[in-house]
Amino acid sequence: MLFRRFKNCIKLNKYQTRTCCSSVEEPKGPSVKTPIPGPNSKKLQGELHKIHYSETIQLFINYVKSIGNYLVDADGNVILDTYTQISAAPLGYNHPELLKVFKNDDNLKRLINRPALGLFPGDDYPERVKNVFSQIAPCLPKIYLMMCGACANENAFKHMFVSYQLKKRGGRPFTEEEKTSAVLNKPPGCPNLTILSFHNAFLGRTFACLAATHSKFIQKVDLPSIDWPAAHFPIYKYPLEENMRENKEEDRKCLAEVEDLMAKYEKKGTPVAGVVVEPLQSEAGNYEASPKFFQQLQKIVKKNNAYLLFDEVQTGGGASGKFWFHEHFDLETPPDVITFAKKFQLGGYFHSEELTPDVPYRIFNTWMGDPGKLMLLEVIIKVMREQNLLETVQKAGKRLKCGLHQFESEFPNLVYSVRGVGTLLAFDAKDENMRNEFMKKLLNKGVLVGNCGYKGIRFRPALTFDESHVDIFLDKFREVLKEINNDCVRL
Ligand SMILES: Cc1ncc(COP(=O)(O)O)c(C=O)c1O
């Protein structure tokens, strides 16, 4: 049995019991009727592809039947979802508390009459924003709401530039030259400022976000870009405990490069106004860095009079076991800006008092968020608190990491470099082909996992993914590893 195999892990019930931690009635486990993707998914993809490029689609889902941590696909397969819409479904599917939100007529009217919030917000809006965000504010007093992660980052970059220039002008009004040159994309109105980011960063797919993104070529190739500096982000050797000296040296080298680049760009006349960093580089490989690295980075940024932006689009919202990932870093002061999206259902960012704009329309768009999503977020946060879901994440993450480490020692040629925090975990396969084989076999046993980088498998489950779901995954993955191991022995 599973428990005996994982001696160091916390003991738990086996997975016959199936009321998940957030009191959602779930299936007892995955059940697979057809190869996945099945005939219905394939047919739907063919139809959609005639009018909408659909090569990225993995499966078509029946969102009416999906429940809790389980997706039901168009062929009736019940699949344990450890990827949850790229980390964006905090309570899984059809949570009963969320289903209630729009049964209220007032809420329904607020949903269908979508306002231009920068001009005509609803009379309930200030109270709602205050209620929701005061509960989760990361020690930063102000907020802007946006649509998605890229939209949040794009506007946060603008915001840092605006504040940097405001500080430089010392509050004086714009000159005529600044006004006329700005409209023509020329300095001094459009100053030569830069954002520093990191190799392997993924910050979204709009133009400025892409200029600071350095993960996969396919996201960038053919698109004009900007000369913004990129320093290396630490790539650690695993296991961490056995490679402390090398990893510390890796931190030192990366930080030295940040300092060098900031000096170089200042000298070139294109100073760095803001540094953007993910607390865990998710898309590119789940690359983590030490609290010391982030503490030092903050010091360097402050020394250079730039702003520090943490992109918590993928890491914010509880999956690290704390509400914000950067809370693990014990920073001297909060960062200047923190962006979010995904689990929050809408995008946005918190910022410090110092970054408050001096004139209107510096940051603006039609919708500036979405009151409907805000209503859902209100309930998500309530459920997180009532069900103590941060603790669920901590326990599930510990058990999952422990199980993966066990596989690392049992199958040393198949599982490498287990890493991450909370349930934001990942490991590497030997190469891309083997990673894809793992994913395919797992899916056909009814478990969906995500990929990251070129050979990584990434977990991004719901906050309701508990230790019993972990056990289901570990059982299925053990079957996969044994099958692949036996195939290797036979060859
Ligand atoms: C760290 C990070 N930033 C930004 C984004 C972009 O978010 P969106 O896809 O909502 O634009 C992502 C998306 O995966 C992300 O992981």
# chains A, B, ... in the order shown; residues from 1 in each chain; ligands from 1

$ residues_around --residues "Gln45 (chain A)" --least-positions-apart "4" --cutoff "12 Å" --atoms "only C-alpha atoms" --output "CSV table (one decimal) with N, CA and C atoms, in the first residue's frame"
chain,number,residue,atom,x,y,z
A,37,PRO,N,-6.8,12.3,-25.9
A,37,PRO,CA,-8.1,12.7,-26.2
A,37,PRO,C,-9.0,11.7,-26.9
A,38,GLY,N,-10.3,11.7,-26.6
A,38,GLY,CA,-11.2,10.7,-27.2
A,38,GLY,C,-11.8,11.2,-28.5
A,39,PRO,N,-12.7,10.4,-29.1
A,39,PRO,CA,-13.3,10.7,-30.4
A,39,PRO,C,-14.0,12.0,-30.4
A,40,ASN,N,-14.8,12.3,-29.3
A,40,ASN,CA,-15.5,13.5,-29.3
A,40,ASN,C,-14.6,14.8,-29.2
A,41,SER,N,-13.6,14.7,-28.4
A,41,SER,CA,-12.7,15.8,-28.3
A,41,SER,C,-12.0,16.0,-29.7
A,49,HIS,N,-11.2,24.0,-35.6
A,49,HIS,CA,-10.0,24.3,-36.3
A,49,HIS,C,-10.3,25.0,-37.7
A,50,LYS,N,-11.5,24.6,-38.2
A,50,LYS,CA,-11.9,25.2,-39.5
A,50,LYS,C,-12.0,26.7,-39.5
A,51,ILE,N,-12.3,27.2,-38.3
A,51,ILE,CA,-12.5,28.7,-38.2
A,51,ILE,C,-11.6,29.3,-37.1
A,52,HIS,N,-10.9,28.5,-36.3
A,52,HIS,CA,-10.1,29.1,-35.2
A,52,HIS,C,-8.9,28.1,-35.0
A,53,TYR,N,-7.7,28.7,-35.2
A,53,TYR,CA,-6.5,27.8,-35.0
A,53,TYR,C,-6.6,27.1,-33.7
A,54,SER,N,-6.5,25.7,-33.7
A,54,SER,CA,-6.8,25.0,-32.5
A,54,SER,C,-5.8,23.9,-32.1
A,55,GLU,N,-4.6,24.1,-32.7
A,55,GLU,CA,-3.6,23.1,-32.4
A,55,GLU,C,-3.1,23.0,-30.9
A,56,THR,N,-3.4,24.1,-30.2
A,56,THR,CA,-2.9,24.0,-28.8
A,56,THR,C,-3.9,23.3,-27.9
A,57,ILE,N,-5.1,23.0,-28.4
A,57,ILE,CA,-6.2,22.5,-27.5
A,57,ILE,C,-5.9,21.0,-27.2
A,58,GLN,N,-5.9,20.7,-25.9
A,58,GLN,CA,-5.6,19.4,-25.4
A,58,GLN,C,-6.9,18.5,-25.3
A,59,LEU,N,-8.0,19.1,-24.8
A,59,LEU,CA,-9.2,18.4,-24.6
A,59,LEU,C,-10.4,19.3,-24.6
A,60,PHE,N,-11.5,18.9,-24.9
A,60,PHE,CA,-12.8,19.6,-24.7
A,60,PHE,C,-13.4,19.1,-23.4
A,61,ILE,N,-13.9,20.1,-22.7
A,61,ILE,CA,-14.4,19.8,-21.3
A,61,ILE,C,-15.9,20.0,-21.2
A,74,ALA,N,-15.2,15.7,-22.9
A,74,ALA,CA,-16.3,15.6,-23.9
A,74,ALA,C,-16.6,14.1,-24.2

$ residues_around --residues "Val272 (chain A)" --least-positions-apart "3" --cutoff "12 Å" --atoms "only C-alpha atoms" --output "CSV table (one decimal) with C-alpha atoms, in the first residue's frame"
chain,number,residue,atom,x,y,z
A,157,PHE,CA,5.6,48.7,-16.1
A,160,MET,CA,6.9,52.4,-12.7
A,161,PHE,CA,8.0,54.6,-15.6
A,164,TYR,CA,10.2,57.3,-12.0
A,165,GLN,CA,9.7,60.4,-14.2
A,191,PRO,CA,12.3,59.0,-22.2
A,192,ASN,CA,14.8,56.3,-22.7
A,193,LEU,CA,14.1,54.2,-19.7
A,194,THR,CA,14.3,50.4,-19.3
A,195,ILE,CA,12.9,47.5,-17.3
A,196,LEU,CA,15.4,44.9,-16.1
A,197,SER,CA,14.1,41.3,-16.1
A,227,ASP,CA,16.6,46.7,-25.9
A,228,TRP,CA,15.9,46.0,-22.2
A,229,PRO,CA,18.5,44.3,-20.0
A,230,ALA,CA,18.1,40.7,-18.8
A,258,VAL,CA,22.1,42.7,-12.0
A,259,GLU,CA,24.4,45.4,-10.6
A,260,ASP,CA,26.6,45.4,-13.7
A,261,LEU,CA,23.6,45.7,-16.0
A,262,MET,CA,22.1,48.5,-14.0
A,263,ALA,CA,25.3,50.4,-14.1
A,264,LYS,CA,25.8,49.7,-17.9
A,265,TYR,CA,22.3,50.9,-18.8
A,266,GLU,CA,22.6,54.0,-16.7
A,267,LYS,CA,25.9,54.8,-18.5
A,268,LYS,CA,24.2,54.2,-21.9
A,269,GLY,CA,21.6,56.8,-21.0
A,275,VAL,CA,13.1,45.5,-12.0
A,276,VAL,CA,10.5,42.8,-12.6
A,300,ILE,CA,20.4,46.6,-5.2
A,301,VAL,CA,17.2,47.9,-6.8
A,302,LYS,CA,16.7,50.5,-3.9
A,303,LYS,CA,20.4,51.5,-4.2
A,304,ASN,CA,19.8,52.3,-7.9
A,305,ASN,CA,16.6,54.3,-7.2
A,306,ALA,CA,14.5,51.9,-9.3
A,307,TYR,CA,11.3,50.1,-8.4
A,308,LEU,CA,10.9,46.4,-7.6

$ residues_around --residues "Val337 (chain A)" --least-positions-apart "3" --cutoff "9 Å" --atoms "only C-alpha atoms" --output "MDAnalysis selection string"
chainID A and resid 140 156 160 307:311 334 349:352 355

$ write_last_selection --atoms "C-alpha atoms" --output "PDB file, in the first residue's frame"
ATOM      1  CA  LEU A 140       0.757  47.725  -0.059  1.00  0.00           C
ATOM      2  CA  ALA A 156       2.555  48.054 -13.861  1.00  0.00           C
ATOM      3  CA  MET A 160       6.862  52.426 -12.692  1.00  0.00           C
ATOM      4  CA  TYR A 307      11.301  50.114  -8.368  1.00  0.00           C
ATOM      5  CA  LEU A 308      10.897  46.411  -7.647  1.00  0.00           C
ATOM      6  CA  LEU A 309       7.941  44.573  -9.134  1.00  0.00           C
ATOM      7  CA  PHE A 310       7.053  41.030  -8.106  1.00  0.00           C
ATOM      8  CA  ASP A 311       5.006  39.241 -10.730  1.00  0.00           C
ATOM      9  CA  PRO A 334       7.339  45.228   0.796  1.00  0.00           C
ATOM     10  CA  TYR A 349      -1.642  45.155  -9.052  1.00  0.00           C
ATOM     11  CA  PHE A 350      -0.960  46.559  -5.636  1.00  0.00           C
ATOM     12  CA  HIS A 351       1.430  49.485  -5.319  1.00  0.00           C
ATOM     13  CA  SER A 352       2.997  51.633  -2.626  1.00  0.00           C
ATOM     14  CA  LEU A 355       3.648  55.432  -6.684  1.00  0.00           C
TER      15      LEU A 355
END

$ select_by_dssp --residues "region 119-344 of chain A" --states "alpha helix (DSSP H)" --output "JSON list (two decimals) with N, CA and C atoms, in the first residue's frame"
[["chain", "number", "residue", "atom", "x", "y", "z"],
["A", 125, "TYR", "N", -19.27, 49.58, -5.45],
["A", 125, "TYR", "CA", -17.90, 49.22, -5.83],
["A", 125, "TYR", "C", -16.84, 49.54, -4.75],
["A", 126, "PRO", "N", -16.85, 50.78, -4.18],
["A", 126, "PRO", "CA", -15.80, 51.08, -3.19],
["A", 126, "PRO", "C", -15.81, 50.08, -2.03],
["A", 127, "GLU", "N", -16.99, 49.75, -1.54],
["A", 127, "GLU", "CA", -17.11, 48.84, -0.41],
["A", 127, "GLU", "C", -16.60, 47.45, -0.77],
["A", 128, "ARG", "N", -16.99, 47.01, -1.98],
["A", 128, "ARG", "CA", -16.60, 45.68, -2.44],
["A", 128, "ARG", "C", -15.08, 45.58, -2.62],
["A", 129, "VAL", "N", -14.50, 46.58, -3.26],
["A", 129, "VAL", "CA", -13.04, 46.56, -3.48],
["A", 129, "VAL", "C", -12.33, 46.55, -2.12],
["A", 130, "LYS", "N", -12.82, 47.39, -1.21],
["A", 130, "LYS", "CA", -12.19, 47.48, 0.10],
["A", 130, "LYS", "C", -12.31, 46.13, 0.83],
["A", 131, "ASN", "N", -13.51, 45.57, 0.82],
["A", 131, "ASN", "CA", -13.74, 44.29, 1.51],
["A", 131, "ASN", "C", -12.83, 43.20, 0.99],
["A", 132, "VAL", "N", -12.78, 43.08, -0.33],
["A", 132, "VAL", "CA", -12.03, 41.96, -0.91],
["A", 132, "VAL", "C", -10.54, 42.16, -0.70],
["A", 133, "PHE", "N", -10.04, 43.35, -1.08],
["A", 133, "PHE", "CA", -8.59, 43.48, -1.14],
["A", 133, "PHE", "C", -7.94, 43.81, 0.20],
["A", 134, "SER", "N", -8.73, 44.36, 1.14],
["A", 134, "SER", "CA", -8.10, 44.60, 2.44],
["A", 134, "SER", "C", -7.78, 43.26, 3.12],
["A", 149, "GLY", "N", -3.13, 38.70, -16.68],
["A", 149, "GLY", "CA", -1.76, 38.85, -16.17],
["A", 149, "GLY", "C", -0.92, 39.80, -17.00],
["A", 150, "ALA", "N", -0.99, 39.64, -18.33],
["A", 150, "ALA", "CA", -0.19, 40.51, -19.19],
["A", 150, "ALA", "C", -0.64, 41.96, -19.04],
["A", 151, "CYS", "N", -1.94, 42.15, -18.98],
["A", 151, "CYS", "CA", -2.52, 43.50, -18.82],
["A", 151, "CYS", "C", -2.05, 44.12, -17.50],
["A", 152, "ALA", "N", -1.97, 43.30, -16.45],
["A", 152, "ALA", "CA", -1.49, 43.79, -15.15],
["A", 152, "ALA", "C", -0.03, 44.20, -15.25],
["A", 153, "ASN", "N", 0.80, 43.33, -15.84],
["A", 153, "ASN", "CA", 2.24, 43.65, -15.94],
["A", 153, "ASN", "C", 2.48, 44.85, -16.83],
["A", 154, "GLU", "N", 1.81, 44.86, -17.97],
["A", 154, "GLU", "CA", 1.99, 45.96, -18.94],
["A", 154, "GLU", "C", 1.72, 47.31, -18.25],
["A", 155, "ASN", "N", 0.63, 47.38, -17.52],
["A", 155, "ASN", "CA", 0.28, 48.64, -16.85],
["A", 155, "ASN", "C", 1.19, 48.92, -15.66],
["A", 156, "ALA", "N", 1.63, 47.86, -14.99],
["A", 156, "ALA", "CA", 2.55, 48.05, -13.86],
["A", 156, "ALA", "C", 3.90, 48.61, -14.36],
["A", 157, "PHE", "N", 4.35, 48.15, -15.55],
["A", 157, "PHE", "CA", 5.59, 48.71, -16.12],
["A", 157, "PHE", "C", 5.40, 50.21, -16.37],
["A", 158, "LYS", "N", 4.28, 50.52, -17.04],
["A", 158, "LYS", "CA", 3.98, 51.93, -17.32],
["A", 158, "LYS", "C", 3.99, 52.74, -16.04],
["A", 159, "HIS", "N", 3.35, 52.16, -15.04],
["A", 159, "HIS", "CA", 3.21, 52.86, -13.76],
["A", 159, "HIS", "C", 4.59, 53.16, -13.15],
["A", 160, "MET", "N", 5.51, 52.19, -13.26],
["A", 160, "MET", "CA", 6.86, 52.43, -12.69],
["A", 160, "MET", "C", 7.57, 53.54, -13.46],
["A", 161, "PHE", "N", 7.41, 53.55, -14.79],
["A", 161, "PHE", "CA", 8.03, 54.62, -15.59],
["A", 161, "PHE", "C", 7.46, 55.99, -15.20],
["A", 162, "VAL", "N", 6.14, 56.04, -15.11],
["A", 162, "VAL", "CA", 5.46, 57.30, -14.76],
["A", 162, "VAL", "C", 5.98, 57.82, -13.41],
["A", 163, "SER", "N", 6.07, 56.92, -12.44],
["A", 163, "SER", "CA", 6.50, 57.35, -11.10],
["A", 163, "SER", "C", 7.96, 57.75, -11.09],
["A", 164, "TYR", "N", 8.77, 57.02, -11.87],
["A", 164, "TYR", "CA", 10.20, 57.33, -11.97],
["A", 164, "TYR", "C", 10.39, 58.75, -12.51],
["A", 165, "GLN", "N", 9.63, 59.08, -13.55],
["A", 165, "GLN", "CA", 9.75, 60.40, -14.18],
["A", 165, "GLN", "C", 9.18, 61.49, -13.28],
["A", 166, "LEU", "N", 8.08, 61.15, -12.60],
["A", 166, "LEU", "CA", 7.46, 62.12, -11.68],
["A", 166, "LEU", "C", 8.47, 62.53, -10.60],
["A", 167, "LYS", "N", 9.16, 61.50, -10.09],
["A", 167, "LYS", "CA", 10.19, 61.76, -9.06],
["A", 167, "LYS", "C", 11.30, 62.64, -9.65],
["A", 168, "LYS", "N", 11.70, 62.31, -10.87],
["A", 168, "LYS", "CA", 12.80, 63.06, -11.51],
["A", 168, "LYS", "C", 12.39, 64.52, -11.76],
["A", 169, "ARG", "N", 11.15, 64.73, -12.18],
["A", 169, "ARG", "CA", 10.68, 66.11, -12.45],
["A", 169, "ARG", "C", 10.48, 66.92, -11.18],
["A", 176, "GLU", "N", 6.18, 72.09, -22.61],
["A", 176, "GLU", "CA", 5.58, 72.01, -23.96],
["A", 176, "GLU", "C", 6.35, 71.01, -24.80],
["A", 177, "GLU", "N", 7.68, 71.00, -24.66],
["A", 177, "GLU", "CA", 8.50, 70.08, -25.45],
["A", 177, "GLU", "C", 8.17, 68.62, -25.09],
["A", 178, "GLU", "N", 8.00, 68.37, -23.80],
["A", 178, "GLU", "CA", 7.65, 67.01, -23.38],
["A", 178, "GLU", "C", 6.31, 66.60, -24.00],
["A", 179, "LYS", "N", 5.37, 67.53, -24.02],
["A", 179, "LYS", "CA", 4.03, 67.20, -24.54],
["A", 179, "LYS", "C", 4.08, 66.91, -26.04],
["A", 180, "THR", "N", 4.78, 67.75, -26.79],
["A", 180, "THR", "CA", 4.76, 67.57, -28.25],
["A", 180, "THR", "C", 5.61, 66.36, -28.66],
["A", 181, "SER", "N", 6.76, 66.14, -28.00],
["A", 181, "SER", "CA", 7.62, 65.01, -28.39],
["A", 181, "SER", "C", 6.97, 63.67, -28.01],
["A", 182, "ALA", "N", 6.21, 63.66, -26.92],
["A", 182, "ALA", "CA", 5.57, 62.40, -26.47],
["A", 182, "ALA", "C", 4.66, 61.84, -27.55],
["A", 183, "VAL", "N", 3.91, 62.72, -28.21],
["A", 183, "VAL", "CA", 2.95, 62.26, -29.22],
["A", 183, "VAL", "C", 3.69, 61.65, -30.42],
["A", 207, "PHE", "N", 3.33, 43.49, -25.89],
["A", 207, "PHE", "CA", 4.66, 43.85, -26.38],
["A", 207, "PHE", "C", 5.68, 44.15, -25.28],
["A", 208, "ALA", "N", 5.32, 44.95, -24.29],
["A", 208, "ALA", "CA", 6.30, 45.26, -23.25],
["A", 208, "ALA", "C", 6.56, 44.01, -22.41],
["A", 209, "CYS", "N", 5.51, 43.24, -22.13],
["A", 209, "CYS", "CA", 5.71, 42.00, -21.36],
["A", 209, "CYS", "C", 6.65, 41.07, -22.11],
["A", 210, "LEU", "N", 6.47, 40.99, -23.41],
["A", 210, "LEU", "CA", 7.35, 40.11, -24.21],
["A", 210, "LEU", "C", 8.79, 40.61, -24.22],
["A", 211, "ALA", "N", 8.95, 41.95, -24.21],
["A", 211, "ALA", "CA", 10.31, 42.49, -24.20],
["A", 211, "ALA", "C", 11.04, 42.08, -22.91],
["A", 244, "MET", "N", 24.63, 23.45, -1.38],
["A", 244, "MET", "CA", 24.44, 24.79, -0.83],
["A", 244, "MET", "C", 25.54, 25.77, -1.27],
["A", 245, "ARG", "N", 26.77, 25.28, -1.29],
["A", 245, "ARG", "CA", 27.88, 26.17, -1.64],
["A", 245, "ARG", "C", 27.76, 26.65, -3.09],
["A", 246, "GLU", "N", 27.50, 25.69, -4.01],
["A", 246, "GLU", "CA", 27.38, 26.04, -5.44],
["A", 246, "GLU", "C", 26.19, 26.98, -5.65],
["A", 247, "ASN", "N", 25.08, 26.70, -4.96],
["A", 247, "ASN", "CA", 23.88, 27.51, -5.19],
["A", 247, "ASN", "C", 24.04, 28.94, -4.64],
["A", 248, "LYS", "N", 24.81, 29.02, -3.53],
["A", 248, "LYS", "CA", 25.09, 30.36, -2.99],
["A", 248, "LYS", "C", 25.94, 31.16, -3.99],
["A", 249, "GLU", "N", 26.88, 30.46, -4.60],
["A", 249, "GLU", "CA", 27.74, 31.10, -5.61],
["A", 249, "GLU", "C", 26.90, 31.53, -6.82],
["A", 250, "GLU", "N", 25.91, 30.69, -7.15],
["A", 250, "GLU", "CA", 25.01, 31.02, -8.27],
["A", 250, "GLU", "C", 24.24, 32.32, -7.96],
["A", 251, "ASP", "N", 23.74, 32.44, -6.73],
["A", 251, "ASP", "CA", 23.06, 33.68, -6.31],
["A", 251, "ASP", "C", 23.99, 34.87, -6.50],
["A", 252, "ARG", "N", 25.22, 34.69, -6.02],
["A", 252, "ARG", "CA", 26.17, 35.82, -6.04],
["A", 252, "ARG", "C", 26.42, 36.29, -7.48],
["A", 253, "LYS", "N", 26.61, 35.31, -8.37],
["A", 253, "LYS", "CA", 26.90, 35.66, -9.78],
["A", 253, "LYS", "C", 25.72, 36.41, -10.42],
["A", 254, "CYS", "N", 24.53, 35.90, -10.15],
["A", 254, "CYS", "CA", 23.34, 36.52, -10.78],
["A", 254, "CYS", "C", 23.14, 37.95, -10.25],
["A", 255, "LEU", "N", 23.35, 38.13, -8.95],
["A", 255, "LEU", "CA", 23.17, 39.46, -8.37],
["A", 255, "LEU", "C", 24.22, 40.44, -8.89],
["A", 256, "ALA", "N", 25.45, 39.93, -9.05],
["A", 256, "ALA", "CA", 26.52, 40.78, -9.58],
["A", 256, "ALA", "C", 26.14, 41.23, -10.99],
["A", 257, "GLU", "N", 25.53, 40.34, -11.74],
["A", 257, "GLU", "CA", 25.13, 40.69, -13.11],
["A", 257, "GLU", "C", 24.04, 41.78, -13.10],
["A", 258, "VAL", "N", 23.12, 41.68, -12.14],
["A", 258, "VAL", "CA", 22.08, 42.73, -12.02],
["A", 258, "VAL", "C", 22.76, 44.08, -11.79],
["A", 259, "GLU", "N", 23.71, 44.09, -10.86],
["A", 259, "GLU", "CA", 24.40, 45.37, -10.56],
["A", 259, "GLU", "C", 25.11, 45.90, -11.80],
["A", 260, "ASP", "N", 25.82, 44.98, -12.49],
["A", 260, "ASP", "CA", 26.58, 45.39, -13.69],
["A", 260, "ASP", "C", 25.63, 45.96, -14.75],
["A", 261, "LEU", "N", 24.54, 45.26, -14.99],
["A", 261, "LEU", "CA", 23.62, 45.71, -16.04],
["A", 261, "LEU", "C", 22.99, 47.05, -15.69],
["A", 262, "MET", "N", 22.68, 47.23, -14.42],
["A", 262, "MET", "CA", 22.06, 48.51, -14.04],
["A", 262, "MET", "C", 23.05, 49.65, -14.25],
["A", 263, "ALA", "N", 24.31, 49.39, -13.93],
["A", 263, "ALA", "CA", 25.33, 50.42, -14.13],
["A", 263, "ALA", "C", 25.52, 50.68, -15.63],
["A", 264, "LYS", "N", 25.56, 49.57, -16.41],
["A", 264, "LYS", "CA", 25.80, 49.70, -17.85],
["A", 264, "LYS", "C", 24.68, 50.49, -18.54],
["A", 265, "TYR", "N", 23.44, 50.20, -18.19],
["A", 265, "TYR", "CA", 22.32, 50.88, -18.84],
["A", 265, "TYR", "C", 22.20, 52.33, -18.39],
["A", 266, "GLU", "N", 22.60, 52.59, -17.17],
["A", 266, "GLU", "CA", 22.64, 53.99, -16.68],
["A", 266, "GLU", "C", 23.65, 54.78, -17.53],
["A", 267, "LYS", "N", 24.81, 54.14, -17.72],
["A", 267, "LYS", "CA", 25.89, 54.79, -18.48],
["A", 267, "LYS", "C", 25.47, 55.04, -19.94],
["A", 282, "SER", "N", 7.77, 30.26, -13.24],
["A", 282, "SER", "CA", 6.88, 29.12, -13.41],
["A", 282, "SER", "C", 6.95, 28.49, -14.80],
["A", 283, "GLU", "N", 6.66, 29.30, -15.84],
["A", 283, "GLU", "CA", 6.52, 28.73, -17.18],
["A", 283, "GLU", "C", 7.83, 28.11, -17.68],
["A", 284, "ALA", "N", 8.94, 28.77, -17.34],
["A", 284, "ALA", "CA", 10.21, 28.37, -17.93],
["A", 284, "ALA", "C", 10.80, 27.13, -17.28],
["A", 285, "GLY", "N", 10.29, 26.72, -16.12],
["A", 285, "GLY", "CA", 10.87, 25.52, -15.51],
["A", 285, "GLY", "C", 10.68, 25.42, -14.01],
["A", 291, "PRO", "N", 15.55, 33.02, -0.40],
["A", 291, "PRO", "CA", 15.15, 34.30, 0.20],
["A", 291, "PRO", "C", 16.30, 35.30, 0.17],
["A", 292, "LYS", "N", 17.51, 34.82, 0.42],
["A", 292, "LYS", "CA", 18.69, 35.71, 0.41],
["A", 292, "LYS", "C", 18.83, 36.41, -0.94],
["A", 293, "PHE", "N", 18.62, 35.65, -2.02],
["A", 293, "PHE", "CA", 18.72, 36.23, -3.36],
["A", 293, "PHE", "C", 17.76, 37.42, -3.49],
["A", 294, "PHE", "N", 16.51, 37.20, -3.06],
["A", 294, "PHE", "CA", 15.51, 38.27, -3.23],
["A", 294, "PHE", "C", 15.78, 39.45, -2.28],
["A", 295, "GLN", "N", 16.29, 39.14, -1.08],
["A", 295, "GLN", "CA", 16.61, 40.24, -0.15],
["A", 295, "GLN", "C", 17.70, 41.13, -0.74],
["A", 296, "GLN", "N", 18.73, 40.46, -1.30],
["A", 296, "GLN", "CA", 19.84, 41.22, -1.90],
["A", 296, "GLN", "C", 19.37, 41.99, -3.13],
["A", 297, "LEU", "N", 18.52, 41.33, -3.92],
["A", 297, "LEU", "CA", 18.00, 41.98, -5.13],
["A", 297, "LEU", "C", 17.28, 43.27, -4.75],
["A", 298, "GLN", "N", 16.46, 43.18, -3.71],
["A", 298, "GLN", "CA", 15.73, 44.38, -3.28],
["A", 298, "GLN", "C", 16.69, 45.51, -2.90],
["A", 299, "LYS", "N", 17.77, 45.13, -2.22],
["A", 299, "LYS", "CA", 18.76, 46.16, -1.80],
["A", 299, "LYS", "C", 19.38, 46.83, -3.04],
["A", 300, "ILE", "N", 19.74, 46.02, -4.03],
["A", 300, "ILE", "CA", 20.37, 46.57, -5.24],
["A", 300, "ILE", "C", 19.41, 47.53, -5.96],
["A", 301, "VAL", "N", 18.15, 47.11, -6.05],
["A", 301, "VAL", "CA", 17.15, 47.94, -6.76],
["A", 301, "VAL", "C", 16.99, 49.27, -6.03],
["A", 302, "LYS", "N", 16.90, 49.21, -4.71],
["A", 302, "LYS", "CA", 16.74, 50.46, -3.94],
["A", 302, "LYS", "C", 17.95, 51.36, -4.12],
["A", 303, "LYS", "N", 19.13, 50.74, -4.06],
["A", 303, "LYS", "CA", 20.37, 51.52, -4.19],
["A", 303, "LYS", "C", 20.39, 52.29, -5.52]]

$ residues_around --residues "Leu377 (chain A)" --least-positions-apart "3" --cutoff "12 Å" --atoms "only C-alpha atoms" --output "PyMOL selection string"
chain A and resi 88-91+97-98+101+128-129+131-133+135-136+317+341-347+369-374+380-384

$ residues_around --residues "Thr315 (chain A)" --least-positions-apart "5" --cutoff "10 Å" --atoms "only C-alpha atoms" --output "list of chain:residue names"
A:Ser87, A:Glu278, A:Pro279, A:Leu280, A:Gln281, A:Ser282, A:Phe310, A:Ser320, A:Lys322, A:Phe323, A:Trp324, A:Phe325, A:His326, A:Phe340, A:Ala341, A:Lys342, A:Lys343, A:Val421, A:Leu424, A:Arg460

$ residues_around --residues "Asn77 (chain A)" --least-positions-apart "6" --cutoff "12 Å" --atoms "only C-alpha atoms" --output "ChimeraX atom specification"
/A:27,29-41,59-62,65-66,70-71,443-448

$ closest_residue --among "A:Thr82, A:Ile226, A:Glu312, A:Arg110" --to "ligand 1" --atoms "only C-alpha atoms and all ligand atoms"
A:Glu312

$ closest_residue --among "A:Arg419, A:Lys398, A:Leu184, A:Pro96" --to "Glu241 (chain A)" --atoms "only C-alpha atoms"
A:Arg419

$ select_by_dssp --residues "region 250-429 of chain A" --states "strand (DSSP E)" --output "number ranges by chain"
A: 272-277, 280-281, 287-288, 307-311, 337-340, 347-351, 416-421, 424-428

$ write_last_selection --atoms "C-alpha atoms" --output "compact mmCIF listing (two decimals), in the first residue's frame"
# COMPACT_ATOMS: atom_id res chain seq x y z
CA VAL A 272 16.61 50.94 -15.35
CA ALA A 273 13.43 52.37 -13.83
CA GLY A 274 12.06 49.04 -12.66
CA VAL A 275 13.13 45.45 -12.04
CA VAL A 276 10.54 42.75 -12.57
CA VAL A 277 10.93 39.29 -11.12
CA LEU A 280 9.21 31.37 -8.81
CA GLN A 281 9.85 31.27 -12.56
CA TYR A 287 13.02 27.79 -11.15
CA GLU A 288 13.28 28.94 -7.56
CA TYR A 307 11.30 50.11 -8.37
CA LEU A 308 10.90 46.41 -7.65
CA LEU A 309 7.94 44.57 -9.13
CA PHE A 310 7.05 41.03 -8.11
CA ASP A 311 5.01 39.24 -10.73
CA VAL A 337 4.50 46.73 -6.99
CA ILE A 338 2.90 43.27 -7.00
CA THR A 339 0.90 42.02 -9.98
CA PHE A 340 -1.70 39.27 -9.83
CA GLY A 347 -5.80 40.93 -13.13
CA GLY A 348 -4.36 43.87 -11.28
CA TYR A 349 -1.64 45.15 -9.05
CA PHE A 350 -0.96 46.56 -5.64
CA HIS A 351 1.43 49.49 -5.32
CA TYR A 416 15.13 14.52 -11.43
CA SER A 417 15.39 17.83 -9.59
CA VAL A 418 12.19 17.91 -7.55
CA ARG A 419 11.63 21.56 -6.67
CA GLY A 420 9.17 24.23 -5.58
CA VAL A 421 7.12 25.34 -2.58
CA LEU A 424 3.78 24.85 -6.80
CA LEU A 425 6.02 21.86 -7.45
CA ALA A 426 7.83 20.42 -10.46
CA PHE A 427 10.39 17.83 -11.47
CA ASP A 428 12.36 17.07 -14.62
